[in-house]
Amino acid sequence: MFLPKSETANAEIRAAEKARREGYSRIEVWVNEAIQAEIRRGVTVSVQEVVCGDPDCAPIDTAIAILFPSGGRGMLGIPLESKDVSKEALLDVFPTHQVLAAWARGEDAEWPPLDDDDDDQDEGQRPRLRFGIGKRVVCRVGPDPVTGWAPGRVIQLWYREPTWPANSWAPYKIELEDGRNIFAPGDVDQIIREV
């Protein structure tokens with residue numbers, strides 16, 4: 001049987017949610033201020049926190065989507081909770097005026113810029129993976145270290161989305177028991193492990 005949360009716990013939850021919403025609002029204002037006035041009209045800014053299951057990244061990132069009326073759009077991320085994002089941290093990762101202008105015209109523009117010197121790795125150069133196709137695994141799908149796991153099976157090795165930059169691969173594509181397909185961004189026990 002579950003006990004109801006204490007008033008103190010409920011107050012902490014409300015305070016955290018309030019801080020998150022205030023962070024979102026501050027970031028939206030700063031993004032709009034940073035976009036050139038001539039392309040700012042009609043822009044939609046969406047801010048949200050994203051839980052990152054990769055042990056090499058921050059537990060929670062703030063993702064910012066900038067949507068232009070032309071259909072152009074771009075995203076950027078900051079490895080901080082929204083309440084901790086400063087204007088300086090935002091401007092450090094903010095797209096250039098040229099990139100914003102391209103998005104405003106509905107064009108694709110790479111942000112952040114990628115190093116184009118790398119050629120795609122062939123399979124022989126990739127590290128050896130721990131699991132093969134068909135292997136039963138559990139995958140991290142949520143922030144809770146106990147309940148944030150879901151069972152599934154590996155259905156593809158070295159998965160890649162067509163829109164990903166060159167040399168970007170996920171070691172595994174997994175079909176979860178609930179029917180969803182996900183990918184594991186790393187071959188480590190904190191993300192994917194044997195059943």
# chains A, B, ... in the order shown; residues from 1 in each chain; ligands from 1
>>> residues_around(residues="Asp84 in chain A", least_positions_apart="3", cutoff="12 Å", atoms="only C-alpha atoms", output="PyMOL selection string")
chain A and resi 16+19-24+26-27+49+60-62+78-81+87-90
>>> residues_around(residues="Gly132 in chain A", least_positions_apart="5", cutoff="10 Å", atoms="only C-alpha atoms", output="list in words")
Arg153, Val154, Ile155, Gln156, Leu157 and Tyr172 of chain A
>>> select_by_dssp(residues="range 4-59 of chain A", states="strand (DSSP E)", output="ChimeraX atom specification")
/A:44-51
>>> closest_residue(among="A:Ser25, A:Arg41, A:Glu175, A:His97", to="Pro69 in chain A", atoms="only C-alpha atoms")
A:Arg41
>>> closest_residue(among="A:Ala65, A:Val31, A:Ala104, A:Val43", to="Asp92 in chain A", atoms="only C-alpha atoms")
A:Val31
